[in-house]
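Colleague: What follows is final06.txt, compact mmCIF, N, CA and C atoms.
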# COMPACT_ATOMS: atom_id res chain seq x y z
N MET A 978 47.42 -37.06 -32.31
CA MET A 978 46.84 -35.83 -31.81
C MET A 978 46.85 -35.83 -30.29
N THR A 979 46.98 -34.70 -29.81
CA THR A 979 46.94 -34.55 -28.36
C THR A 979 45.52 -34.27 -27.90
N ALA A 980 45.22 -34.76 -26.75
CA ALA A 980 43.89 -34.53 -26.16
C ALA A 980 43.80 -33.09 -25.67
N ALA A 981 42.62 -32.55 -25.75
CA ALA A 981 42.42 -31.16 -25.31
C ALA A 981 42.54 -31.10 -23.79
N ARG A 982 43.42 -30.24 -23.37
CA ARG A 982 43.58 -30.07 -21.93
C ARG A 982 42.78 -28.85 -21.49
N GLY A 983 42.55 -28.76 -20.22
CA GLY A 983 41.81 -27.64 -19.66
C GLY A 983 42.71 -26.43 -19.52
N ARG A 984 43.02 -25.81 -20.63
CA ARG A 984 43.87 -24.63 -20.57
C ARG A 984 43.00 -23.38 -20.49
N GLY A 985 43.60 -22.36 -19.98
CA GLY A 985 42.92 -21.08 -19.92
C GLY A 985 42.03 -20.97 -18.69
N ARG A 986 41.21 -20.02 -18.76
CA ARG A 986 40.32 -19.69 -17.65
C ARG A 986 39.17 -20.69 -17.58
N PRO A 987 38.81 -21.17 -16.38
CA PRO A 987 37.67 -22.09 -16.28
C PRO A 987 36.36 -21.35 -16.55
N THR A 988 35.38 -22.08 -17.04
CA THR A 988 34.09 -21.49 -17.37
C THR A 988 33.35 -21.13 -16.09
N VAL A 989 32.95 -19.88 -15.99
CA VAL A 989 32.24 -19.41 -14.81
C VAL A 989 30.73 -19.64 -14.97
N PHE A 990 30.25 -19.48 -16.18
CA PHE A 990 28.82 -19.51 -16.42
C PHE A 990 28.50 -20.60 -17.44
N GLY A 991 28.74 -21.84 -17.03
CA GLY A 991 28.50 -22.98 -17.90
C GLY A 991 27.02 -23.34 -17.96
N PRO A 992 26.70 -24.40 -18.69
CA PRO A 992 25.28 -24.79 -18.83
C PRO A 992 24.59 -25.12 -17.51
N ALA A 993 25.31 -25.75 -16.59
CA ALA A 993 24.69 -26.08 -15.29
C ALA A 993 24.38 -24.81 -14.50
N THR A 994 25.30 -23.86 -14.54
CA THR A 994 25.09 -22.60 -13.83
C THR A 994 23.99 -21.79 -14.49
N GLN A 995 23.92 -21.83 -15.81
CA GLN A 995 22.86 -21.13 -16.52
C GLN A 995 21.49 -21.68 -16.14
N ALA A 996 21.37 -23.00 -16.08
CA ALA A 996 20.10 -23.63 -15.72
C ALA A 996 19.71 -23.27 -14.29
N ALA A 997 20.69 -23.27 -13.38
CA ALA A 997 20.40 -22.91 -11.99
C ALA A 997 19.98 -21.44 -11.89
N TYR A 998 20.63 -20.58 -12.67
CA TYR A 998 20.29 -19.16 -12.67
C TYR A 998 18.86 -18.95 -13.16
N LEU A 999 18.50 -19.58 -14.27
CA LEU A 999 17.15 -19.45 -14.80
C LEU A 999 16.11 -20.02 -13.83
N ASP A 1000 16.47 -21.10 -13.15
CA ASP A 1000 15.55 -21.69 -12.17
C ASP A 1000 15.31 -20.73 -11.00
N LEU A 1001 16.36 -20.07 -10.54
CA LEU A 1001 16.20 -19.09 -9.46
C LEU A 1001 15.33 -17.93 -9.90
N LEU A 1002 15.52 -17.47 -11.14
CA LEU A 1002 14.69 -16.38 -11.64
C LEU A 1002 13.23 -16.79 -11.73
N ARG A 1003 12.97 -18.02 -12.16
CA ARG A 1003 11.58 -18.51 -12.26
C ARG A 1003 10.91 -18.62 -10.90
N HIS A 1004 11.70 -18.85 -9.86
CA HIS A 1004 11.13 -18.99 -8.52
C HIS A 1004 11.02 -17.66 -7.78
N GLY A 1005 11.26 -16.56 -8.48
CA GLY A 1005 11.01 -15.25 -7.88
C GLY A 1005 12.23 -14.50 -7.41
N ALA A 1006 13.42 -15.05 -7.58
CA ALA A 1006 14.63 -14.33 -7.16
C ALA A 1006 14.88 -13.18 -8.14
N ARG A 1007 15.39 -12.11 -7.64
CA ARG A 1007 15.75 -10.99 -8.51
C ARG A 1007 17.09 -11.28 -9.16
N VAL A 1008 17.43 -10.52 -10.19
CA VAL A 1008 18.62 -10.80 -11.01
C VAL A 1008 19.89 -10.80 -10.15
N GLY A 1009 20.07 -9.76 -9.35
CA GLY A 1009 21.26 -9.67 -8.52
C GLY A 1009 21.30 -10.74 -7.44
N ASP A 1010 20.15 -11.05 -6.84
CA ASP A 1010 20.09 -12.07 -5.80
C ASP A 1010 20.41 -13.46 -6.36
N ALA A 1011 19.89 -13.75 -7.54
CA ALA A 1011 20.15 -15.05 -8.16
C ALA A 1011 21.64 -15.22 -8.45
N ALA A 1012 22.26 -14.18 -8.98
CA ALA A 1012 23.69 -14.25 -9.27
C ALA A 1012 24.50 -14.39 -7.99
N GLU A 1013 24.10 -13.69 -6.95
CA GLU A 1013 24.82 -13.75 -5.68
C GLU A 1013 24.72 -15.15 -5.07
N ARG A 1014 23.55 -15.77 -5.16
CA ARG A 1014 23.38 -17.12 -4.62
C ARG A 1014 24.26 -18.13 -5.34
N LEU A 1015 24.52 -17.89 -6.62
CA LEU A 1015 25.37 -18.80 -7.38
C LEU A 1015 26.85 -18.46 -7.27
N GLY A 1016 27.15 -17.35 -6.63
CA GLY A 1016 28.54 -16.96 -6.43
C GLY A 1016 29.18 -16.34 -7.66
N ILE A 1017 28.39 -15.72 -8.50
CA ILE A 1017 28.92 -15.06 -9.69
C ILE A 1017 28.55 -13.59 -9.64
N SER A 1018 29.20 -12.81 -10.46
CA SER A 1018 28.88 -11.39 -10.54
C SER A 1018 27.56 -11.21 -11.28
N ARG A 1019 26.83 -10.18 -10.94
CA ARG A 1019 25.53 -9.96 -11.58
C ARG A 1019 25.67 -9.54 -13.04
N VAL A 1020 26.85 -9.11 -13.47
CA VAL A 1020 27.03 -8.71 -14.85
C VAL A 1020 27.30 -9.90 -15.78
N VAL A 1021 27.69 -11.04 -15.21
CA VAL A 1021 28.01 -12.21 -16.04
C VAL A 1021 26.78 -12.68 -16.83
N PRO A 1022 25.63 -12.92 -16.19
CA PRO A 1022 24.46 -13.35 -16.99
C PRO A 1022 24.00 -12.28 -17.98
N THR A 1023 24.10 -11.02 -17.59
CA THR A 1023 23.70 -9.94 -18.50
C THR A 1023 24.61 -9.90 -19.72
N ARG A 1024 25.89 -10.04 -19.50
CA ARG A 1024 26.85 -10.04 -20.61
C ARG A 1024 26.62 -11.25 -21.52
N TYR A 1025 26.34 -12.39 -20.90
CA TYR A 1025 26.10 -13.59 -21.69
C TYR A 1025 24.80 -13.47 -22.49
N ALA A 1026 23.79 -12.82 -21.91
CA ALA A 1026 22.52 -12.64 -22.62
C ALA A 1026 22.68 -11.72 -23.82
N ARG A 1027 23.63 -10.79 -23.76
CA ARG A 1027 23.87 -9.91 -24.91
C ARG A 1027 24.46 -10.66 -26.10
N THR A 1028 25.21 -11.72 -25.82
CA THR A 1028 25.85 -12.46 -26.91
C THR A 1028 25.05 -13.67 -27.37
N ASP A 1029 24.15 -14.17 -26.55
CA ASP A 1029 23.38 -15.36 -26.90
C ASP A 1029 21.88 -15.02 -26.89
N PRO A 1030 21.26 -14.87 -28.05
CA PRO A 1030 19.85 -14.50 -28.10
C PRO A 1030 18.92 -15.54 -27.48
N GLY A 1031 19.29 -16.80 -27.57
CA GLY A 1031 18.46 -17.86 -26.96
C GLY A 1031 18.44 -17.74 -25.44
N PHE A 1032 19.60 -17.47 -24.86
CA PHE A 1032 19.66 -17.28 -23.41
C PHE A 1032 18.94 -16.01 -23.00
N ALA A 1033 19.03 -14.97 -23.82
CA ALA A 1033 18.34 -13.71 -23.52
C ALA A 1033 16.82 -13.93 -23.49
N ALA A 1034 16.31 -14.71 -24.43
CA ALA A 1034 14.87 -15.01 -24.44
C ALA A 1034 14.47 -15.84 -23.22
N ALA A 1035 15.34 -16.77 -22.83
CA ALA A 1035 15.05 -17.59 -21.65
C ALA A 1035 15.06 -16.74 -20.38
N VAL A 1036 15.96 -15.78 -20.31
CA VAL A 1036 16.02 -14.88 -19.14
C VAL A 1036 14.76 -14.02 -19.08
N ASP A 1037 14.32 -13.50 -20.21
CA ASP A 1037 13.10 -12.68 -20.24
C ASP A 1037 11.89 -13.49 -19.78
N GLU A 1038 11.79 -14.72 -20.26
CA GLU A 1038 10.68 -15.58 -19.87
C GLU A 1038 10.74 -15.91 -18.37
N ALA A 1039 11.94 -16.21 -17.88
CA ALA A 1039 12.11 -16.55 -16.46
C ALA A 1039 11.82 -15.35 -15.57
N ARG A 1040 12.21 -14.15 -16.01
CA ARG A 1040 11.93 -12.95 -15.22
C ARG A 1040 10.43 -12.67 -15.16
N ALA A 1041 9.73 -12.91 -16.26
CA ALA A 1041 8.27 -12.70 -16.26
C ALA A 1041 7.58 -13.67 -15.32
N VAL A 1042 8.00 -14.93 -15.35
CA VAL A 1042 7.42 -15.93 -14.45
C VAL A 1042 7.76 -15.58 -13.01
N GLY A 1043 8.99 -15.15 -12.75
CA GLY A 1043 9.41 -14.79 -11.40
C GLY A 1043 8.66 -13.58 -10.86
N ALA A 1044 8.37 -12.62 -11.72
CA ALA A 1044 7.59 -11.45 -11.29
C ALA A 1044 6.18 -11.88 -10.89
N GLU A 1045 5.62 -12.80 -11.63
CA GLU A 1045 4.28 -13.30 -11.29
C GLU A 1045 4.31 -14.07 -9.97
N VAL A 1046 5.37 -14.82 -9.74
CA VAL A 1046 5.51 -15.56 -8.47
C VAL A 1046 5.63 -14.58 -7.31
N ARG A 1047 6.45 -13.53 -7.47
CA ARG A 1047 6.58 -12.53 -6.39
C ARG A 1047 5.26 -11.83 -6.14
N ARG A 1048 4.53 -11.54 -7.20
CA ARG A 1048 3.23 -10.86 -7.06
C ARG A 1048 2.25 -11.74 -6.29
N GLU A 1049 2.28 -13.03 -6.55
CA GLU A 1049 1.37 -13.94 -5.87
C GLU A 1049 1.74 -14.12 -4.39
N ASN A 1050 2.99 -13.87 -4.03
CA ASN A 1050 3.43 -14.03 -2.65
C ASN A 1050 3.12 -12.81 -1.78
N VAL A 1051 2.61 -11.75 -2.36
CA VAL A 1051 2.23 -10.56 -1.58
C VAL A 1051 0.96 -10.90 -0.81
N PRO A 1052 0.93 -10.66 0.51
CA PRO A 1052 -0.26 -11.01 1.27
C PRO A 1052 -1.47 -10.16 0.86
N HIS A 1053 -2.64 -10.75 1.02
CA HIS A 1053 -3.87 -10.05 0.66
C HIS A 1053 -4.12 -8.93 1.67
N GLY A 1054 -4.43 -7.76 1.15
CA GLY A 1054 -4.67 -6.61 2.00
C GLY A 1054 -4.85 -5.36 1.17
N GLU A 1055 -4.76 -4.20 1.83
CA GLU A 1055 -4.99 -2.93 1.15
C GLU A 1055 -3.95 -2.67 0.06
N TYR A 1056 -2.68 -2.99 0.31
CA TYR A 1056 -1.64 -2.77 -0.69
C TYR A 1056 -1.94 -3.56 -1.97
N ARG A 1057 -2.30 -4.80 -1.79
CA ARG A 1057 -2.58 -5.64 -2.95
C ARG A 1057 -3.79 -5.12 -3.72
N TYR A 1058 -4.78 -4.59 -3.02
CA TYR A 1058 -5.97 -4.02 -3.66
C TYR A 1058 -5.60 -2.78 -4.46
N ASN A 1059 -4.87 -1.85 -3.83
CA ASN A 1059 -4.56 -0.57 -4.46
C ASN A 1059 -3.50 -0.68 -5.55
N VAL A 1060 -2.44 -1.42 -5.30
CA VAL A 1060 -1.30 -1.43 -6.21
C VAL A 1060 -1.39 -2.55 -7.25
N LEU A 1061 -1.73 -3.74 -6.79
CA LEU A 1061 -1.74 -4.89 -7.70
C LEU A 1061 -3.09 -5.15 -8.33
N GLY A 1062 -4.11 -4.45 -7.88
CA GLY A 1062 -5.42 -4.57 -8.51
C GLY A 1062 -6.18 -5.84 -8.15
N CYS A 1063 -5.86 -6.46 -7.03
CA CYS A 1063 -6.57 -7.68 -6.62
C CYS A 1063 -7.94 -7.28 -6.08
N ARG A 1064 -8.97 -7.89 -6.57
CA ARG A 1064 -10.33 -7.55 -6.15
C ARG A 1064 -11.01 -8.71 -5.44
N CYS A 1065 -10.22 -9.54 -4.76
CA CYS A 1065 -10.82 -10.63 -4.00
C CYS A 1065 -11.53 -10.06 -2.77
N ILE A 1066 -12.26 -10.88 -2.08
CA ILE A 1066 -13.06 -10.43 -0.93
C ILE A 1066 -12.16 -9.88 0.17
N ASP A 1067 -11.03 -10.56 0.45
CA ASP A 1067 -10.15 -10.12 1.53
C ASP A 1067 -9.53 -8.75 1.23
N CYS A 1068 -9.05 -8.57 0.02
CA CYS A 1068 -8.41 -7.29 -0.34
C CYS A 1068 -9.43 -6.16 -0.37
N THR A 1069 -10.62 -6.43 -0.90
CA THR A 1069 -11.66 -5.41 -0.95
C THR A 1069 -12.07 -4.99 0.45
N ARG A 1070 -12.24 -5.94 1.33
CA ARG A 1070 -12.63 -5.64 2.71
C ARG A 1070 -11.53 -4.85 3.42
N ALA A 1071 -10.27 -5.25 3.24
CA ALA A 1071 -9.16 -4.54 3.89
C ALA A 1071 -9.05 -3.10 3.40
N ALA A 1072 -9.24 -2.88 2.11
CA ALA A 1072 -9.16 -1.52 1.56
C ALA A 1072 -10.33 -0.68 2.06
N THR A 1073 -11.51 -1.26 2.13
CA THR A 1073 -12.68 -0.52 2.60
C THR A 1073 -12.53 -0.13 4.06
N VAL A 1074 -12.07 -1.05 4.89
CA VAL A 1074 -11.88 -0.76 6.31
C VAL A 1074 -10.79 0.30 6.51
N ALA A 1075 -9.72 0.21 5.74
CA ALA A 1075 -8.64 1.19 5.88
C ALA A 1075 -9.09 2.58 5.46
N ARG A 1076 -9.83 2.67 4.36
CA ARG A 1076 -10.33 3.98 3.92
C ARG A 1076 -11.28 4.56 4.96
N ALA A 1077 -12.19 3.74 5.48
CA ALA A 1077 -13.14 4.23 6.48
C ALA A 1077 -12.40 4.70 7.73
N GLY A 1078 -11.36 3.98 8.11
CA GLY A 1078 -10.57 4.37 9.28
C GLY A 1078 -9.87 5.69 9.07
N ARG A 1079 -9.36 5.91 7.88
CA ARG A 1079 -8.69 7.19 7.60
C ARG A 1079 -9.68 8.34 7.56
N ARG A 1080 -10.89 8.08 7.08
CA ARG A 1080 -11.90 9.15 7.02
C ARG A 1080 -12.36 9.57 8.41
N THR A 1081 -12.57 8.64 9.30
CA THR A 1081 -13.08 8.96 10.62
C THR A 1081 -11.96 9.22 11.62
N GLY A 1082 -10.72 9.00 11.24
CA GLY A 1082 -9.60 9.16 12.16
C GLY A 1082 -9.31 10.60 12.53
N THR A 1083 -9.55 11.55 11.66
CA THR A 1083 -9.29 12.96 11.95
C THR A 1083 -10.55 13.77 11.64
N THR A 1084 -10.72 14.82 12.40
CA THR A 1084 -11.83 15.72 12.14
C THR A 1084 -11.32 16.92 11.36
N ALA A 1085 -12.21 17.74 10.89
CA ALA A 1085 -11.82 18.91 10.09
C ALA A 1085 -11.02 19.90 10.92
N ASP A 1086 -11.38 20.08 12.21
CA ASP A 1086 -10.66 21.03 13.05
C ASP A 1086 -9.22 20.57 13.30
N GLU A 1087 -9.04 19.26 13.55
CA GLU A 1087 -7.70 18.75 13.80
C GLU A 1087 -6.82 18.86 12.56
N SER A 1088 -7.38 18.56 11.40
CA SER A 1088 -6.57 18.62 10.19
C SER A 1088 -6.22 20.07 9.84
N ALA A 1089 -7.10 21.01 10.09
CA ALA A 1089 -6.80 22.41 9.83
C ALA A 1089 -5.75 22.92 10.80
N ALA A 1090 -5.81 22.49 12.07
CA ALA A 1090 -4.84 22.93 13.06
C ALA A 1090 -3.45 22.39 12.74
N GLU A 1091 -3.38 21.20 12.16
CA GLU A 1091 -2.08 20.62 11.83
C GLU A 1091 -1.45 21.29 10.62
N THR A 1092 -2.25 21.78 9.70
CA THR A 1092 -1.69 22.31 8.46
C THR A 1092 -1.36 23.78 8.54
N THR A 1093 -1.95 24.51 9.49
CA THR A 1093 -1.64 25.94 9.56
C THR A 1093 -0.26 26.10 10.19
N GLY A 1094 0.54 26.95 9.57
CA GLY A 1094 1.89 27.19 10.07
C GLY A 1094 1.91 28.38 10.99
N ASP A 1095 3.08 28.66 11.51
CA ASP A 1095 3.25 29.82 12.37
C ASP A 1095 3.17 31.08 11.51
N VAL A 1096 2.45 32.08 12.02
CA VAL A 1096 2.31 33.33 11.30
C VAL A 1096 3.23 34.35 11.96
N HIS A 1097 4.09 34.93 11.18
CA HIS A 1097 5.00 35.95 11.68
C HIS A 1097 4.53 37.31 11.18
N PRO A 1098 4.30 38.24 12.10
CA PRO A 1098 3.81 39.55 11.66
C PRO A 1098 4.90 40.32 10.93
N ILE A 1099 4.47 41.13 9.99
CA ILE A 1099 5.39 41.99 9.25
C ILE A 1099 5.54 43.28 10.04
N ARG A 1100 6.77 43.60 10.35
CA ARG A 1100 7.03 44.82 11.11
C ARG A 1100 7.30 45.94 10.13
N VAL A 1101 6.27 46.72 9.87
CA VAL A 1101 6.38 47.79 8.88
C VAL A 1101 7.18 48.96 9.42
N GLU A 1102 7.08 49.23 10.73
CA GLU A 1102 7.74 50.42 11.26
C GLU A 1102 9.26 50.32 11.20
N GLN A 1103 9.83 49.09 11.13
CA GLN A 1103 11.28 48.96 11.06
C GLN A 1103 11.79 48.88 9.63
N ALA A 1104 10.94 48.58 8.70
CA ALA A 1104 11.39 48.41 7.31
C ALA A 1104 11.41 49.75 6.61
N ASP A 1105 12.51 50.06 5.98
CA ASP A 1105 12.63 51.26 5.16
C ASP A 1105 12.30 50.88 3.73
N VAL A 1106 11.26 51.47 3.22
CA VAL A 1106 10.88 51.18 1.85
C VAL A 1106 11.81 51.94 0.94
N GLY A 1107 12.50 51.24 0.12
CA GLY A 1107 13.46 51.86 -0.79
C GLY A 1107 14.23 50.78 -1.51
N GLU A 1108 15.42 51.17 -2.01
CA GLU A 1108 16.17 50.21 -2.79
C GLU A 1108 16.80 49.11 -1.95
N SER A 1109 17.03 49.31 -0.66
CA SER A 1109 17.68 48.29 0.16
C SER A 1109 16.70 47.36 0.85
N SER A 1110 15.44 47.63 0.81
CA SER A 1110 14.46 46.83 1.54
C SER A 1110 13.71 45.92 0.57
N THR A 1111 14.20 44.71 0.43
CA THR A 1111 13.50 43.74 -0.42
C THR A 1111 12.64 42.82 0.40
N SER A 1112 12.90 42.68 1.70
CA SER A 1112 12.11 41.76 2.51
C SER A 1112 10.66 42.24 2.63
N PHE A 1113 10.47 43.57 2.74
CA PHE A 1113 9.12 44.09 2.84
C PHE A 1113 8.37 43.86 1.54
N LEU A 1114 9.02 44.04 0.43
CA LEU A 1114 8.36 43.85 -0.86
C LEU A 1114 8.03 42.39 -1.10
N LEU A 1115 8.94 41.50 -0.71
CA LEU A 1115 8.67 40.07 -0.88
C LEU A 1115 7.53 39.62 0.01
N ALA A 1116 7.52 40.12 1.23
CA ALA A 1116 6.44 39.72 2.14
C ALA A 1116 5.11 40.26 1.66
N ARG A 1117 5.13 41.45 1.12
CA ARG A 1117 3.90 42.05 0.66
C ARG A 1117 3.37 41.35 -0.60
N ALA A 1118 4.29 40.89 -1.44
CA ALA A 1118 3.87 40.23 -2.68
C ALA A 1118 3.29 38.85 -2.39
N SER A 1119 3.66 38.22 -1.32
CA SER A 1119 3.17 36.87 -1.06
C SER A 1119 1.93 36.82 -0.26
Please rewrite the model in this file as structure tokens.
Modeller:
Amino acid sequence: MTAARGRGRPTVFGPATQAAYLDLLRHGARVGDAAERLGISRVVPTRYARTDPGFAAAVDEARAVGAEVRRENVPHGEYRYNVLGCRCIDCTRAATVARAGRRTGTTADESAAETTGDVHPIRVEQADVGESSTSFLLARAS
């Protein structure tokens, strides 16, 4: 018998690359970033996960762990309080201070002056009311 030679295309996504990919996902890398760091296309792991249910389950688990890692790396502050629901002392204080600052930052007169637009008077003496004058009717309806 002849020994098996390395014929055909070399394996791009072998077991070592799969383990490295899953490790990157567990450490918070996104799917495309992890594939790019390994020098493979981002569709290769996705295609492999479609054919191998065990690898698909490992990818799902690694993505969940990576999402938790990314969430923990967000600094404590107003964003973390409002979006991620962190209720620690630092986040609560930052959200309270930011809300108070926004409330006292503008007065009612300033906010009304900013929101009012330019008013253009309707020139009735130039508009002919009839079938050709739709601008007068539209202005009057609004």
Colleague: Pick the closest to A:Ala996 from A:Arg1057, A:Ala1012, A:Val1020, A:Arg1079: which is it, counting only C-alpha atoms?
Modeller: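 Using only C-alpha atoms, the shortest distance to A:Ala996 belongs to A:Ala1012.
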Colleague: Between A:Val1021, A:Leu1002, A:Cys1065, A:Val1036, which is the closest to A:Pro1052 once you count only C-alpha atoms?
Modeller: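 Ranked by minimum distance to A:Pro1052, first place goes to A:Cys1065.
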Colleague: Quick one: pull the distance between atom C of A:Gly1054 and atom CA of A:Thr1069, Å, one decimal.
Modeller: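 One can read the atom C of A:Gly1054 to atom CA of A:Thr1069 distance as 7.1 Å.
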Colleague: Of the candidates A:Arg984, A:Arg1019, A:Arg1070, A:Arg1040, which shows the shortest atom-to-atom distance to A:Leu999, using only C-alpha atoms?
Modeller: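 Smallest separation from A:Leu999 among the options: A:Arg1040.
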Colleague: From the options A:Ala1039, A:Leu1061, A:Val1074, A:Cys1068, which residue's atoms come nearest to A:Leu1001, counting all atoms listed in the file?
Modeller: A:Ala1039
